[in-house]
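One structure below.
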Protein chains: 2
Amino acid sequence: MREGGLAAVVVETLAERLGTTKGSFYWHFKDRDELVVTGLELWEQEMTEAVIARLETVGDPVVRLRQLFDLMFADQPGGFMTTALLSHAQDPRVGPVLQRVTRRRLTYLTGALVECGVPPDRAHHHAVVAATAYLGYFGLQRQLPDEAVFGAEAKPYLRHLLHVLEAELPAARVRPSGA
Amino acid sequence: MREGGLAAVVVETLAERLGTTKGSFYWHFKDRDELVVTGLELWEQEMTEAVIARLETVGDPVVRLRQLFDLMFADQPGGFMTTALLSHAQDPRVGPVLQRVTRRRLTYLTGALVECGVPPDRAHHHAVVAATAYLGYFGLQRQLPDEAVFGAEAKPYLRHLLHVLEAELPAARVRPSGA
DNA sequence: CAGATTCCATACGCTATCGTATGGTCTAGC
DNA sequence: GCTAGACCATACGATAGCGTATGGAATCTG
């Protein structure tokens with residue numbers, strides 16, 4: 001799915017890769033549809049509750065925001081999965097799930113920014129900018145996998161990106177630890 | 001293609017929509033492949049030479065950069081086409097074309113930023129940020145078509161986005177006309 | 001008008017993939 | 001050891017989409 005899209009989720013291929021056959025597959029799943037839906041449900045869980053719960057343990061909102069950015073851009077499989085699903089946004093099975101996940105992320109991001117002292121409307125706009133940066137980061141990486149910023153130049157580039165994304169934060173509160 | 005991806009480019013469907021039949025199609029094109037390749041070639045032309053030539057008439061580099069940003073985000077069909085192609089980056093027909101177009105855009109953007117006084121390495125990083133913002137903008141719009149920033153809120157949001165994208169420009173040269 | 005060329009329609013074969021039908025094997029509990 | 005249920009394999013039918021074969025119509029050229 002992550003590499004070939006929905007069309008690459010093929011029952012016989014899948015069965016073979018698992019060392020079994022179609023017969024087995026159709027015992028466990030009613031449909032190819034049921035497999036897709038089940039997979040999407042699993043993904044939705046992992047993408048929302050898991051990550052967000054992990055962030056809730058951080059007290060300082062600015063530190064939490066930085067950590068959120070770090071997690072977002074560090075999870076390559078997650079990023080590529082999102083871009084893969086993005087291309088099926090029209091699909092009635094994928095669309096709603098994708099929409100829920102994206103909204104959840106956006107509202108969480110907006111909230112995190114507000115807690116850092118950004119006024120709500122600017123925070124929402126900036127959350128959207130961050131979301132687009134996220135989608136675009138993995139999208140571009142797919143287009144230009146050997147671009148320097150995704151290889152050797154990755155560290156300085158990500159610093160640059162985070163700098164841009166954090167430009168909205170009230171100066172006094174950025175990097176409270178002085179790092 | 002723009003809405004359903006490569007899988008939606010179906011000979012019979014296409015022929016019917018044009019009020020003709022497969023027989024006709026296979027007279028004009030050897031293959032379905034030939035149609036895809038021809039289409040991609042056309043797209044590549046329009047996406048590079050056309051737009052860039054239009055920008056070369058602008059003298060002031062800062063004005064040109066702003067105009068470039070405006071054009072990028074105003075061309076919705078172009079944006080959605082790019083995200084649609086993005087999901088086929090693995091395809092041997094799409095990949096190379098996409099890579100060329102993206103590289104061309106990136107180097108042009110980098111050059112435009114350098115001409116505005118941004119140091120080369122920062123310019124490159126920032127061009128990548130702009131490219132990801134572009135990809136993400138249309139990607140997110142596909143996920144959340146009824147999000148406010150793509151409807152009523154579009155104008156102020158785009159202002160916000162351009163503000164973020166222009167943050168790197170040396171202050172003295174931003175908006176030279178004072179607008 | 002005759003023939004050639006261009007363009008299009010219908011009918012067919014081929015393959016991939018979905019889903020089903022049917023029977024086989026293995027383990028648990030009696 | 002026997003039966004039931006869980007799990008899997010093989011073989012089949014159905015459909016969608018690609019590409020081809022073949023003939024027809026329309027236009028151009030001499």
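Quick note on naming: the chains in the structure tokens go A, B, ... in the order shown, residues restart at 1 in each chain, and ligands are numbered from 1 in order of appearance.
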Among the residues of region 16-165 of chain A, find those DSSP assigns to alpha helix (DSSP H) from the backbone and print them as a CSV table (one decimal) with N, CA and C atoms, in the first residue's frame.
```csv
chain,number,residue,atom,x,y,z
A,16,GLU,N,0.5,-15.0,-1.2
A,16,GLU,CA,1.8,-15.7,-1.6
A,16,GLU,C,2.9,-15.1,-0.7
A,17,ARG,N,2.9,-13.8,-0.5
A,17,ARG,CA,4.0,-13.2,0.4
A,17,ARG,C,3.9,-13.8,1.8
A,22,LYS,N,-5.2,-17.9,-1.6
A,22,LYS,CA,-6.4,-17.2,-1.5
A,22,LYS,C,-7.4,-17.9,-0.6
A,23,GLY,N,-7.5,-19.2,-0.7
A,23,GLY,CA,-8.4,-19.9,0.2
A,23,GLY,C,-8.4,-19.5,1.6
A,24,SER,N,-7.2,-19.4,2.1
A,24,SER,CA,-7.0,-18.9,3.5
A,24,SER,C,-7.5,-17.5,3.7
A,25,PHE,N,-7.1,-16.6,2.7
A,25,PHE,CA,-7.5,-15.2,2.9
A,25,PHE,C,-9.0,-15.1,3.0
A,26,TYR,N,-9.7,-15.8,2.2
A,26,TYR,CA,-11.2,-15.6,2.2
A,26,TYR,C,-11.8,-16.3,3.4
A,27,TRP,N,-11.0,-17.0,4.1
A,27,TRP,CA,-11.6,-17.5,5.4
A,27,TRP,C,-11.5,-16.4,6.4
A,28,HIS,N,-10.4,-15.7,6.4
A,28,HIS,CA,-10.2,-14.7,7.5
A,28,HIS,C,-11.0,-13.4,7.1
A,32,ARG,N,-12.0,-8.4,-0.1
A,32,ARG,CA,-10.9,-7.5,-0.2
A,32,ARG,C,-11.2,-6.2,0.5
A,33,ASP,N,-12.4,-5.7,0.4
A,33,ASP,CA,-12.9,-4.5,1.0
A,33,ASP,C,-12.6,-4.6,2.5
A,34,GLU,N,-13.0,-5.7,3.1
A,34,GLU,CA,-12.9,-5.9,4.6
A,34,GLU,C,-11.4,-5.7,5.0
A,35,LEU,N,-10.5,-6.3,4.2
A,35,LEU,CA,-9.1,-6.1,4.5
A,35,LEU,C,-8.7,-4.6,4.5
A,36,VAL,N,-9.1,-3.9,3.4
A,36,VAL,CA,-8.8,-2.5,3.3
A,36,VAL,C,-9.3,-1.7,4.5
A,37,VAL,N,-10.6,-1.9,4.8
A,37,VAL,CA,-11.2,-1.2,5.9
A,37,VAL,C,-10.5,-1.5,7.2
A,38,THR,N,-10.3,-2.8,7.5
A,38,THR,CA,-9.6,-3.2,8.7
A,38,THR,C,-8.3,-2.5,8.8
A,39,GLY,N,-7.5,-2.5,7.7
A,39,GLY,CA,-6.2,-1.9,7.7
A,39,GLY,C,-6.3,-0.4,8.0
A,40,LEU,N,-7.2,0.2,7.4
A,40,LEU,CA,-7.4,1.7,7.6
A,40,LEU,C,-7.7,2.0,9.1
A,41,GLU,N,-8.6,1.2,9.6
A,41,GLU,CA,-9.0,1.4,11.1
A,41,GLU,C,-7.7,1.3,11.9
A,42,LEU,N,-6.9,0.2,11.7
A,42,LEU,CA,-5.7,0.1,12.5
A,42,LEU,C,-4.8,1.3,12.3
A,43,TRP,N,-4.7,1.8,11.1
A,43,TRP,CA,-3.8,2.9,10.8
A,43,TRP,C,-4.3,4.1,11.6
A,44,GLU,N,-5.6,4.3,11.5
A,44,GLU,CA,-6.2,5.5,12.2
A,44,GLU,C,-5.9,5.5,13.7
A,45,GLN,N,-6.0,4.4,14.3
A,45,GLN,CA,-5.6,4.3,15.7
A,45,GLN,C,-4.2,4.7,16.0
A,51,VAL,N,0.3,8.5,19.0
A,51,VAL,CA,1.2,9.6,19.0
A,51,VAL,C,0.8,10.7,20.0
A,52,ILE,N,-0.5,11.0,20.0
A,52,ILE,CA,-0.9,12.1,20.8
A,52,ILE,C,-0.8,11.7,22.3
A,53,ALA,N,-1.1,10.5,22.6
A,53,ALA,CA,-0.9,10.1,24.0
A,53,ALA,C,0.5,10.3,24.5
A,54,ARG,N,1.4,9.9,23.6
A,54,ARG,CA,2.8,10.0,23.9
A,54,ARG,C,3.2,11.5,24.2
A,55,LEU,N,2.6,12.4,23.5
A,55,LEU,CA,3.0,13.8,23.6
A,55,LEU,C,2.4,14.4,24.9
A,61,PRO,N,4.5,23.5,26.9
A,61,PRO,CA,3.9,23.5,25.5
A,61,PRO,C,4.9,23.7,24.4
A,62,VAL,N,5.9,24.5,24.7
A,62,VAL,CA,6.9,24.8,23.6
A,62,VAL,C,7.7,23.5,23.3
A,63,VAL,N,8.1,22.9,24.4
A,63,VAL,CA,8.9,21.7,24.2
A,63,VAL,C,8.0,20.6,23.5
A,64,ARG,N,6.8,20.6,23.9
A,64,ARG,CA,5.9,19.6,23.3
A,64,ARG,C,5.7,19.8,21.8
A,65,LEU,N,5.6,21.1,21.5
A,65,LEU,CA,5.5,21.5,20.0
A,65,LEU,C,6.7,21.0,19.3
A,66,ARG,N,7.9,21.3,19.8
A,66,ARG,CA,9.1,20.9,19.1
A,66,ARG,C,9.1,19.4,19.0
A,67,GLN,N,8.7,18.7,20.0
A,67,GLN,CA,8.8,17.2,20.0
A,67,GLN,C,7.8,16.7,18.9
A,68,LEU,N,6.6,17.4,18.9
A,68,LEU,CA,5.6,17.0,17.8
A,68,LEU,C,6.2,17.2,16.5
A,69,PHE,N,6.9,18.3,16.2
A,69,PHE,CA,7.5,18.5,14.9
A,69,PHE,C,8.5,17.4,14.6
A,70,ASP,N,9.3,17.1,15.6
A,70,ASP,CA,10.4,16.1,15.5
A,70,ASP,C,9.8,14.8,15.1
A,71,LEU,N,8.7,14.4,15.9
A,71,LEU,CA,8.1,13.1,15.6
A,71,LEU,C,7.5,13.0,14.2
A,72,MET,N,6.8,14.1,13.8
A,72,MET,CA,6.2,14.1,12.5
A,72,MET,C,7.2,13.8,11.4
A,73,PHE,N,8.3,14.5,11.4
A,73,PHE,CA,9.2,14.4,10.3
A,73,PHE,C,10.2,13.3,10.4
A,74,ALA,N,10.2,12.7,11.6
A,74,ALA,CA,11.1,11.5,11.8
A,74,ALA,C,10.5,10.2,11.3
A,76,GLN,N,9.3,8.2,8.9
A,76,GLN,CA,9.2,8.1,7.5
A,76,GLN,C,8.1,7.2,7.0
A,77,PRO,N,8.0,6.0,7.5
A,77,PRO,CA,6.9,5.1,7.1
A,77,PRO,C,5.6,5.8,7.2
A,78,GLY,N,5.3,6.4,8.4
A,78,GLY,CA,4.1,7.1,8.6
A,78,GLY,C,3.8,8.2,7.5
A,79,GLY,N,4.9,8.9,7.2
A,79,GLY,CA,4.8,10.0,6.2
A,79,GLY,C,4.4,9.5,4.9
A,80,PHE,N,5.1,8.4,4.5
A,80,PHE,CA,4.9,7.9,3.1
A,80,PHE,C,3.5,7.2,3.1
A,81,MET,N,3.1,6.6,4.2
A,81,MET,CA,1.7,6.1,4.2
A,81,MET,C,0.7,7.2,4.0
A,82,THR,N,0.9,8.3,4.6
A,82,THR,CA,-0.1,9.4,4.5
A,82,THR,C,-0.1,9.8,3.0
A,83,THR,N,1.0,10.0,2.4
A,83,THR,CA,1.0,10.5,1.0
A,83,THR,C,0.4,9.4,0.1
A,84,ALA,N,0.6,8.1,0.5
A,84,ALA,CA,0.0,7.1,-0.4
A,84,ALA,C,-1.5,7.2,-0.2
A,85,LEU,N,-2.0,7.3,1.0
A,85,LEU,CA,-3.4,7.4,1.2
A,85,LEU,C,-4.0,8.6,0.5
A,86,LEU,N,-3.2,9.7,0.6
A,86,LEU,CA,-3.7,11.0,0.0
A,86,LEU,C,-4.1,10.8,-1.5
A,94,VAL,N,-11.3,5.3,1.9
A,94,VAL,CA,-10.1,6.0,2.4
A,94,VAL,C,-10.5,7.5,2.8
A,95,GLY,N,-11.3,8.2,2.0
A,95,GLY,CA,-11.6,9.6,2.2
A,95,GLY,C,-12.0,9.9,3.6
A,96,PRO,N,-13.0,9.3,4.2
A,96,PRO,CA,-13.5,9.7,5.5
A,96,PRO,C,-12.4,9.4,6.6
A,97,VAL,N,-11.7,8.3,6.5
A,97,VAL,CA,-10.7,8.0,7.5
A,97,VAL,C,-9.6,9.1,7.4
A,98,LEU,N,-9.1,9.4,6.2
A,98,LEU,CA,-8.1,10.4,6.0
A,98,LEU,C,-8.5,11.7,6.5
A,99,GLN,N,-9.8,12.1,6.3
A,99,GLN,CA,-10.3,13.3,6.7
A,99,GLN,C,-10.3,13.4,8.2
A,100,ARG,N,-10.7,12.4,8.9
A,100,ARG,CA,-10.8,12.4,10.3
A,100,ARG,C,-9.3,12.5,10.9
A,101,VAL,N,-8.4,11.7,10.4
A,101,VAL,CA,-7.0,11.8,10.9
A,101,VAL,C,-6.5,13.2,10.7
A,102,THR,N,-6.7,13.7,9.5
A,102,THR,CA,-6.1,15.1,9.2
A,102,THR,C,-6.7,16.1,10.1
A,103,ARG,N,-8.0,16.1,10.3
A,103,ARG,CA,-8.7,17.1,11.2
A,103,ARG,C,-8.1,16.9,12.6
A,104,ARG,N,-8.0,15.7,13.1
A,104,ARG,CA,-7.5,15.5,14.4
A,104,ARG,C,-6.1,16.1,14.6
A,105,ARG,N,-5.3,15.8,13.6
A,105,ARG,CA,-3.9,16.4,13.6
A,105,ARG,C,-4.0,17.9,13.6
A,106,LEU,N,-4.8,18.5,12.8
A,106,LEU,CA,-4.9,19.9,12.6
A,106,LEU,C,-5.4,20.6,13.9
A,107,THR,N,-6.4,20.0,14.5
A,107,THR,CA,-6.9,20.7,15.7
A,107,THR,C,-5.9,20.5,16.9
A,108,TYR,N,-5.2,19.4,16.9
A,108,TYR,CA,-4.2,19.2,17.9
A,108,TYR,C,-3.1,20.2,17.8
A,109,LEU,N,-2.7,20.3,16.5
A,109,LEU,CA,-1.6,21.3,16.2
A,109,LEU,C,-2.0,22.7,16.6
A,110,THR,N,-3.2,23.1,16.2
A,110,THR,CA,-3.7,24.4,16.5
A,110,THR,C,-3.7,24.6,18.0
A,111,GLY,N,-4.2,23.6,18.7
A,111,GLY,CA,-4.2,23.7,20.2
A,111,GLY,C,-2.9,23.9,20.8
A,112,ALA,N,-1.9,23.1,20.2
A,112,ALA,CA,-0.5,23.2,20.7
A,112,ALA,C,0.0,24.6,20.5
A,113,LEU,N,-0.3,25.2,19.4
A,113,LEU,CA,0.2,26.5,19.1
A,113,LEU,C,-0.4,27.6,20.0
A,114,VAL,N,-1.7,27.4,20.2
A,114,VAL,CA,-2.4,28.4,21.1
A,114,VAL,C,-1.8,28.3,22.5
A,115,GLU,N,-1.5,27.1,22.9
A,115,GLU,CA,-0.9,27.0,24.2
A,115,GLU,C,0.5,27.6,24.3
A,120,PRO,N,-5.5,32.5,18.3
A,120,PRO,CA,-6.2,31.4,17.7
A,120,PRO,C,-6.2,31.4,16.2
A,121,ASP,N,-6.6,32.5,15.5
A,121,ASP,CA,-6.7,32.4,14.1
A,121,ASP,C,-5.4,32.3,13.4
A,122,ARG,N,-4.4,33.0,13.9
A,122,ARG,CA,-3.0,32.8,13.4
A,122,ARG,C,-2.6,31.3,13.6
A,123,ALA,N,-2.9,30.8,14.8
A,123,ALA,CA,-2.5,29.4,15.1
A,123,ALA,C,-3.1,28.5,14.1
A,124,HIS,N,-4.4,28.7,13.8
A,124,HIS,CA,-5.0,27.8,12.8
A,124,HIS,C,-4.3,27.8,11.4
A,125,HIS,N,-4.1,29.1,11.0
A,125,HIS,CA,-3.4,29.2,9.7
A,125,HIS,C,-2.1,28.6,9.8
A,126,HIS,N,-1.4,28.8,10.9
A,126,HIS,CA,0.0,28.2,10.9
A,126,HIS,C,-0.1,26.7,11.1
A,127,ALA,N,-1.1,26.1,11.7
A,127,ALA,CA,-1.2,24.7,11.8
A,127,ALA,C,-1.4,24.1,10.3
A,128,VAL,N,-2.2,24.8,9.5
A,128,VAL,CA,-2.3,24.4,8.2
A,128,VAL,C,-1.0,24.5,7.4
A,129,VAL,N,-0.3,25.5,7.6
A,129,VAL,CA,1.1,25.6,7.0
A,129,VAL,C,1.9,24.4,7.4
A,130,ALA,N,1.9,24.1,8.7
A,130,ALA,CA,2.7,23.0,9.2
A,130,ALA,C,2.2,21.7,8.5
A,131,ALA,N,0.9,21.5,8.4
A,131,ALA,CA,0.4,20.3,7.8
A,131,ALA,C,0.8,20.2,6.4
A,132,THR,N,0.7,21.3,5.7
A,132,THR,CA,1.2,21.2,4.3
A,132,THR,C,2.7,21.0,4.2
A,133,ALA,N,3.4,21.5,5.1
A,133,ALA,CA,4.9,21.3,5.1
A,133,ALA,C,5.1,19.8,5.3
A,134,TYR,N,4.3,19.2,6.1
A,134,TYR,CA,4.5,17.7,6.4
A,134,TYR,C,4.1,16.9,5.2
A,135,LEU,N,3.0,17.2,4.6
A,135,LEU,CA,2.6,16.4,3.4
A,135,LEU,C,3.6,16.6,2.3
A,136,GLY,N,4.0,17.9,2.1
A,136,GLY,CA,4.9,18.2,1.0
A,136,GLY,C,6.3,17.6,1.2
A,137,TYR,N,6.7,17.5,2.5
A,137,TYR,CA,8.0,17.0,2.8
A,137,TYR,C,8.2,15.6,2.3
A,138,PHE,N,7.2,14.8,2.6
A,138,PHE,CA,7.2,13.4,2.1
A,138,PHE,C,6.9,13.2,0.7
A,139,GLY,N,6.0,14.1,0.2
A,139,GLY,CA,5.7,14.1,-1.2
A,139,GLY,C,6.9,14.4,-2.1
A,140,LEU,N,7.6,15.4,-1.7
A,140,LEU,CA,8.8,15.8,-2.5
A,140,LEU,C,9.9,14.7,-2.4
A,141,GLN,N,10.0,14.1,-1.2
A,141,GLN,CA,11.0,13.0,-1.0
A,141,GLN,C,10.7,11.9,-2.0
A,142,ARG,N,9.4,11.7,-2.3
A,142,ARG,CA,9.1,10.6,-3.2
A,142,ARG,C,9.5,11.0,-4.6
A,143,GLN,N,9.4,12.3,-4.9
A,143,GLN,CA,9.7,12.7,-6.3
A,143,GLN,C,11.2,12.8,-6.5
A,154,ALA,N,20.3,16.4,5.4
A,154,ALA,CA,19.0,16.3,6.1
A,154,ALA,C,19.0,17.1,7.4
A,155,LYS,N,19.9,17.0,8.2
A,155,LYS,CA,20.0,17.7,9.5
A,155,LYS,C,19.8,19.2,9.4
A,156,PRO,N,20.8,19.8,8.7
A,156,PRO,CA,20.6,21.3,8.5
A,156,PRO,C,19.3,21.7,7.9
A,157,TYR,N,18.9,20.9,6.9
A,157,TYR,CA,17.6,21.3,6.3
A,157,TYR,C,16.5,21.2,7.3
A,158,LEU,N,16.4,20.2,8.1
A,158,LEU,CA,15.3,20.1,9.0
A,158,LEU,C,15.3,21.2,10.0
A,159,ARG,N,16.6,21.6,10.4
A,159,ARG,CA,16.7,22.8,11.3
A,159,ARG,C,16.1,24.0,10.6
A,160,HIS,N,16.4,24.2,9.3
A,160,HIS,CA,15.9,25.3,8.6
A,160,HIS,C,14.4,25.2,8.6
A,161,LEU,N,13.8,24.1,8.3
A,161,LEU,CA,12.4,23.9,8.2
A,161,LEU,C,11.7,24.2,9.5
A,162,LEU,N,12.3,23.7,10.6
A,162,LEU,CA,11.7,23.9,11.9
A,162,LEU,C,11.8,25.4,12.2
A,163,HIS,N,12.9,26.0,11.8
A,163,HIS,CA,13.0,27.5,12.1
A,163,HIS,C,11.9,28.2,11.4
A,164,VAL,N,11.6,27.9,10.1
A,164,VAL,CA,10.5,28.5,9.4
A,164,VAL,C,9.2,28.2,10.1
A,165,LEU,N,9.0,27.0,10.5
A,165,LEU,CA,7.7,26.6,11.1
A,165,LEU,C,7.5,27.3,12.5
```
Which residues of chain D come within 8 Å of chain A, and for each one, what is the closest pair of atoms and their distance in Å to one decimal, counting only C-alpha atoms (C1' of nucleotides), sorted by chain and residue number, as a tab-separated table?
```
residue	atom	partner	partner_atom	distance
D:DC7	C1'	A:Ser24	CA	7.1
D:DC8	C1'	A:Ser24	CA	5.2
D:DA9	C1'	A:Gly23	CA	6.4
```
Same residues, N, CA and C atoms (P, O5', C5', C4', C3', O3' and C1' of nucleotides), output as a tab-separated table (two decimals), in the first residue's frame:
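And here's out_36.tsv as it stands now:
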```tsv
chain	number	residue	atom	x	y	z
D	7	DC	P	-8.86	-20.56	13.28
D	7	DC	O5'	-8.21	-21.03	11.91
D	7	DC	C5'	-7.05	-21.85	11.97
D	7	DC	C4'	-6.83	-22.49	10.63
D	7	DC	C3'	-6.57	-21.54	9.46
D	7	DC	O3'	-5.17	-21.58	9.18
D	7	DC	C1'	-7.84	-23.44	8.84
D	8	DC	P	-4.56	-20.61	8.11
D	8	DC	O5'	-4.60	-21.50	6.79
D	8	DC	C5'	-3.80	-22.67	6.74
D	8	DC	C4'	-4.14	-23.48	5.52
D	8	DC	C3'	-3.87	-22.81	4.17
D	8	DC	O3'	-2.87	-23.54	3.51
D	8	DC	C1'	-5.95	-23.96	4.19
D	9	DA	P	-2.18	-22.96	2.23
D	9	DA	O5'	-2.82	-23.88	1.09
D	9	DA	C5'	-2.67	-25.28	1.19
D	9	DA	C4'	-3.34	-25.99	0.01
D	9	DA	C3'	-3.03	-25.38	-1.36
D	9	DA	O3'	-2.69	-26.43	-2.25
D	9	DA	C1'	-5.39	-25.47	-1.00
```
May I ask you to extract the residues of chain C within 8 Å of chain B, using only C-alpha atoms (C1' of nucleotides), and to give them as a list in words?
DC7, DC8 and DA9 of chain C
Residues from the last selection, C-alpha atoms (C1' of nucleotides), saved as an mmCIF file, in the first residue's frame:
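part.cif written:
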```cif
data_model
loop_
_atom_site.group_PDB
_atom_site.id
_atom_site.type_symbol
_atom_site.label_atom_id
_atom_site.label_comp_id
_atom_site.auth_asym_id
_atom_site.auth_seq_id
_atom_site.Cartn_x
_atom_site.Cartn_y
_atom_site.Cartn_z
ATOM 1 C "C1'" DC C 7 -10.371 7.568 -39.874
ATOM 2 C "C1'" DC C 8 -13.800 4.934 -37.210
ATOM 3 C "C1'" DA C 9 -16.967 0.849 -35.424
#
```
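Take C1' of DA4 (chain D) and C1' of DG23 (chain C): the distance between them is 15.9 Å.
Across B:Ser87, B:Cys116, B:Glu49, B:Gly151, the tightest approach to chain A is made by B:Ser87 when counting only C-alpha atoms.
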Computed gap from C1' of DC12 (chain D) to C1' of DC14 (chain C) is 17.8 Å
Excluding region 17-22 of chain D and its own-chain neighbours fewer than 2 positions away, which residues fall within 10 Å of it when counting only C-alpha atoms (C1' of nucleotides)? Please give them as an NGL selection string.
(:B and (10-12 or 22-23 or 26 or 30-32)) or (:C and (10-16)) or (:D and (15 or 24))
Would you output that residue set with C-alpha atoms (C1' of nucleotides), as a compact mmCIF listing (two decimals), in the first residue's frame?
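So the final result, stored in selection-v1.txt, reads:
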```txt
# COMPACT_ATOMS: atom_id res chain seq x y z
CA VAL B 10 -9.03 3.84 -19.38
CA VAL B 11 -9.18 3.52 -23.14
CA GLU B 12 -12.83 2.59 -23.48
CA LYS B 22 -11.58 1.98 -29.06
CA GLY B 23 -11.05 1.41 -32.75
CA TYR B 26 -5.87 2.58 -31.44
CA LYS B 30 -0.15 2.59 -30.69
CA ASP B 31 -0.68 1.87 -27.03
CA ARG B 32 -2.25 3.07 -23.87
C1' DT C 10 -17.81 -3.94 -34.15
C1' DA C 11 -16.42 -8.16 -32.67
C1' DC C 12 -13.15 -11.02 -30.77
C1' DG C 13 -9.20 -13.08 -27.87
C1' DC C 14 -6.22 -12.60 -23.82
C1' DT C 15 -4.91 -11.78 -19.06
C1' DA C 16 -5.37 -10.31 -14.28
C1' DT D 15 -15.72 -9.41 -15.07
C1' DG D 24 -16.98 0.21 -43.45
```
- Message: With only C-alpha atoms (C1' of nucleotides) as the counted atoms, please give the residues lying no more than 12 Å from DA14 (chain D), apart from itself and same-chain residues fewer than 3 positions off, as an MDAnalysis selection string.
- Response: chainID C and resid 17:20
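You will find CA of His88 (chain A) at 8.0 Å from CA of Gly5 (chain A).
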(request) May I have the residues within 12 Å of DG30 (chain D) as a PyMOL selection string, using only C-alpha atoms (C1' of nucleotides) and disregarding those fewer than 3 positions away in the same chain? (result) chain C and resi 1-4
